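Asker: If you scroll down you'll find the structure; I have some questions about it.
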Amino acid sequence: MSDDDDPDQAPGRPEKRGKARAAGRGGARGGERAPPKPLDAAALERMALRYVERFATTRGRLTDYLGRKIRERGWDDGAAAAPADPAELAQRMADLGYVDDRAFAEQRAAAMQRRGLGARRVAGAFREAGIDDGDADSVAPAIADRAVESALAFARRKRIGPYGSGEGDRKLQDKQLGAMLRAGHRFDLARKIVATPPSDDPESIDFG
């Protein structure tokens, strides 16, 4: 299961279907599953702990997850009329070391670049995961250092430039350039790679 999966949103699990059928036989009319109980502070914290135990995540992503669960299930915590603040609970998980946005950013960037994706695609993934500017800036030098390596990884997969056959015309090169740009690579770097003839040792070429 990937770190993008939501443990409460994974469809089609046999054990969940079995529980739903059991709930239908046990008392919910018409075979419908009984609605879950509203959350309270203790239940929300257990939910947060279960999430961070199972998934690599960020404060922003955990905040969104907890907020969605409060909206779905409602809130009932006796004297506490207002629901707990998901952002405060996510920050507490970070303070305890269960969530580390910078480590998440480092790992996500390295994994994406190994797959041949460039800095713009990495930046988009950071925004989606709720990585703040400070943590993004801290890993930016490493991302820049791997720019050529990740661009060549993409070219290798798609047989572009030094990994190609050398038979491409201008129309094909334009298409290859567009593919590299969509993968998040710099225009100047992508253009150099696309224009490079086939080579037995592409990694030795200076694309800096």
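Here, A, B, ... name the chains of the structure tokens in the order displayed, residue numbers run from 1 inside each chain, and ligands are numbered from 1 in the same displayed order.
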Please return, as number ranges by chain, all residues of range 74-167 of chain A that DSSP assigns to alpha helix (DSSP H) on the basis of the backbone.
Answerer: A: 86-95, 101-114, 119-129, 133-145, 147-158
Asker: Identify, on the basis of only C-alpha atoms, every residue whose closest approach to range 141-157 of chain A does not exceed 9 Å; exclude the query and any residue fewer than 3 positions from it along the same chain; express the result as a PyMOL selection string.
Answerer: chain A and resi 106+109-110+112-119+122+137-138+160-164+176+180+183-186+189-190+193-194+202-203+207-208
Asker: Output N, CA, C and O atoms for every residue in the selection just made, as a compact mmCIF listing (two decimals), in the first residue's frame.
Answerer:
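Done, and the output landed in result.txt:
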# COMPACT_ATOMS: atom_id res chain seq x y z
N GLU A 106 12.50 14.85 1.52
CA GLU A 106 13.75 14.28 1.00
C GLU A 106 13.49 12.94 0.32
O GLU A 106 14.00 12.68 -0.78
N ALA A 109 11.32 13.37 -2.95
CA ALA A 109 12.10 13.96 -4.05
C ALA A 109 13.05 12.93 -4.65
O ALA A 109 13.15 12.78 -5.88
N ALA A 110 13.77 12.21 -3.80
CA ALA A 110 14.73 11.22 -4.30
C ALA A 110 14.02 10.13 -5.10
O ALA A 110 14.50 9.70 -6.16
N MET A 112 11.10 10.31 -6.70
CA MET A 112 10.58 10.83 -7.97
C MET A 112 11.69 11.04 -8.98
O MET A 112 11.53 10.75 -10.17
N GLN A 113 12.83 11.54 -8.51
CA GLN A 113 13.93 11.78 -9.45
C GLN A 113 14.54 10.48 -9.95
O GLN A 113 14.99 10.41 -11.09
N ARG A 114 14.53 9.45 -9.13
CA ARG A 114 14.99 8.14 -9.63
C ARG A 114 14.10 7.64 -10.76
O ARG A 114 14.54 6.93 -11.66
N ARG A 115 12.82 8.02 -10.72
CA ARG A 115 11.89 7.63 -11.77
C ARG A 115 11.99 8.53 -12.99
O ARG A 115 11.28 8.33 -13.98
N GLY A 116 12.86 9.54 -12.93
CA GLY A 116 13.07 10.40 -14.09
C GLY A 116 12.21 11.64 -14.11
O GLY A 116 12.05 12.26 -15.16
N LEU A 117 11.67 12.04 -12.97
CA LEU A 117 10.85 13.25 -12.91
C LEU A 117 11.68 14.43 -12.43
O LEU A 117 12.57 14.28 -11.58
N GLY A 118 11.37 15.60 -12.98
CA GLY A 118 12.17 16.79 -12.71
C GLY A 118 11.66 17.64 -11.57
O GLY A 118 10.65 17.34 -10.91
N ALA A 119 12.36 18.75 -11.35
CA ALA A 119 12.12 19.59 -10.19
C ALA A 119 10.70 20.15 -10.14
O ALA A 119 10.11 20.29 -9.07
N VAL A 122 8.41 17.54 -8.85
CA VAL A 122 8.67 17.36 -7.41
C VAL A 122 8.00 18.48 -6.62
O VAL A 122 7.36 18.25 -5.59
N ASP A 137 12.58 24.35 0.67
CA ASP A 137 13.85 25.02 0.39
C ASP A 137 15.04 24.21 0.91
O ASP A 137 16.13 24.23 0.33
N SER A 138 14.82 23.49 2.02
CA SER A 138 15.94 22.75 2.61
C SER A 138 16.41 21.60 1.73
O SER A 138 17.57 21.19 1.81
N ILE A 160 15.42 8.65 -25.62
CA ILE A 160 15.55 10.01 -26.15
C ILE A 160 17.03 10.38 -26.24
O ILE A 160 17.84 10.01 -25.38
N GLY A 161 17.39 11.17 -27.25
CA GLY A 161 18.74 11.73 -27.35
C GLY A 161 19.82 10.68 -27.37
O GLY A 161 19.85 9.83 -28.27
N PRO A 162 20.73 10.71 -26.39
CA PRO A 162 21.85 9.77 -26.40
C PRO A 162 21.42 8.31 -26.26
O PRO A 162 22.22 7.41 -26.54
N TYR A 163 20.19 8.08 -25.83
CA TYR A 163 19.69 6.71 -25.70
C TYR A 163 18.82 6.30 -26.90
O TYR A 163 18.30 5.18 -26.93
N GLY A 164 18.65 7.19 -27.86
CA GLY A 164 17.81 6.91 -29.00
C GLY A 164 18.55 6.24 -30.13
O GLY A 164 19.73 5.87 -30.04
N GLN A 176 9.55 14.76 -28.17
CA GLN A 176 10.39 14.31 -27.06
C GLN A 176 10.68 15.46 -26.09
O GLN A 176 10.66 15.27 -24.87
N MET A 180 9.70 15.70 -22.04
CA MET A 180 10.63 16.00 -20.97
C MET A 180 10.17 17.21 -20.15
O MET A 180 10.32 17.24 -18.93
N ALA A 183 7.51 16.18 -17.85
CA ALA A 183 8.07 15.43 -16.73
C ALA A 183 8.73 16.33 -15.70
O ALA A 183 9.22 15.85 -14.67
N GLY A 184 8.76 17.64 -15.98
CA GLY A 184 9.24 18.60 -14.98
C GLY A 184 10.67 19.05 -15.13
O GLY A 184 11.22 19.71 -14.24
N HIS A 185 11.31 18.74 -16.27
CA HIS A 185 12.71 19.11 -16.44
C HIS A 185 12.87 20.52 -17.03
O HIS A 185 11.97 21.02 -17.70
N ARG A 186 14.04 21.13 -16.77
CA ARG A 186 14.33 22.45 -17.29
C ARG A 186 14.38 22.42 -18.81
O ARG A 186 14.83 21.45 -19.41
N LEU A 189 18.06 22.08 -20.26
CA LEU A 189 18.60 20.73 -20.08
C LEU A 189 17.89 19.74 -21.00
O LEU A 189 18.53 18.91 -21.66
N ALA A 190 16.57 19.84 -21.07
CA ALA A 190 15.81 18.93 -21.94
C ALA A 190 16.22 19.11 -23.39
O ALA A 190 16.39 18.12 -24.13
N ILE A 193 19.58 17.41 -24.11
CA ILE A 193 19.50 15.95 -24.14
C ILE A 193 18.83 15.48 -25.42
O ILE A 193 19.30 14.53 -26.08
N VAL A 194 17.74 16.13 -25.80
CA VAL A 194 17.02 15.74 -27.02
C VAL A 194 17.91 15.87 -28.25
O VAL A 194 17.87 15.04 -29.16
N PRO A 202 26.39 7.86 -22.29
CA PRO A 202 25.70 9.15 -22.10
C PRO A 202 26.06 9.84 -20.79
O PRO A 202 26.10 11.08 -20.74
N GLU A 203 26.33 9.05 -19.75
CA GLU A 203 26.61 9.66 -18.44
C GLU A 203 27.92 10.46 -18.44
O GLU A 203 28.14 11.27 -17.54
N PHE A 207 26.20 17.80 -19.46
CA PHE A 207 24.94 18.49 -19.71
C PHE A 207 24.72 19.66 -18.78
O PHE A 207 23.62 20.20 -18.70
N GLY A 208 25.74 20.04 -18.02
CA GLY A 208 25.60 21.10 -17.04
C GLY A 208 25.36 22.46 -17.65
O GLY A 208 25.54 22.69 -18.82
Asker: Write out as a list in words which residues come within 10 Å of range 95-100 of chain A when counting only C-alpha atoms, dropping same-chain ones fewer than 6 positions away.
Answerer: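 Listed by chain and then number, they are Ala48, Leu49, Val52, Glu53, Phe55, Ala56, Thr57, Thr58, Arg59, Leu62, Leu89 and Asp135 of chain A.
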Asker: Give the answer as one residue: which of A:Ala129, A:Ala103, A:Leu177, A:Ala41 has the shortest atom-to-atom distance to Asp64 in chain A, using only C-alpha atoms?
Answerer: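 Smallest separation from Asp64 in chain A among the options: A:Ala129.
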Asker: Mind giving me the straight-line distance from CA of Glu32 in chain A to CA of Gly67 in chain A in Å, one decimal?
Answerer: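 Separation of CA of Glu32 in chain A and CA of Gly67 in chain A: 25.1 Å.
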Asker: Return the single residue from A:Phe104, A:Asp169, A:Leu66, A:Asp133 that is closest to Arg46 in chain A, with distances computed using only C-alpha atoms.
Answerer: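 Among A:Phe104, A:Asp169, A:Leu66, A:Asp133, it is A:Leu66 that comes nearest to Arg46 in chain A.
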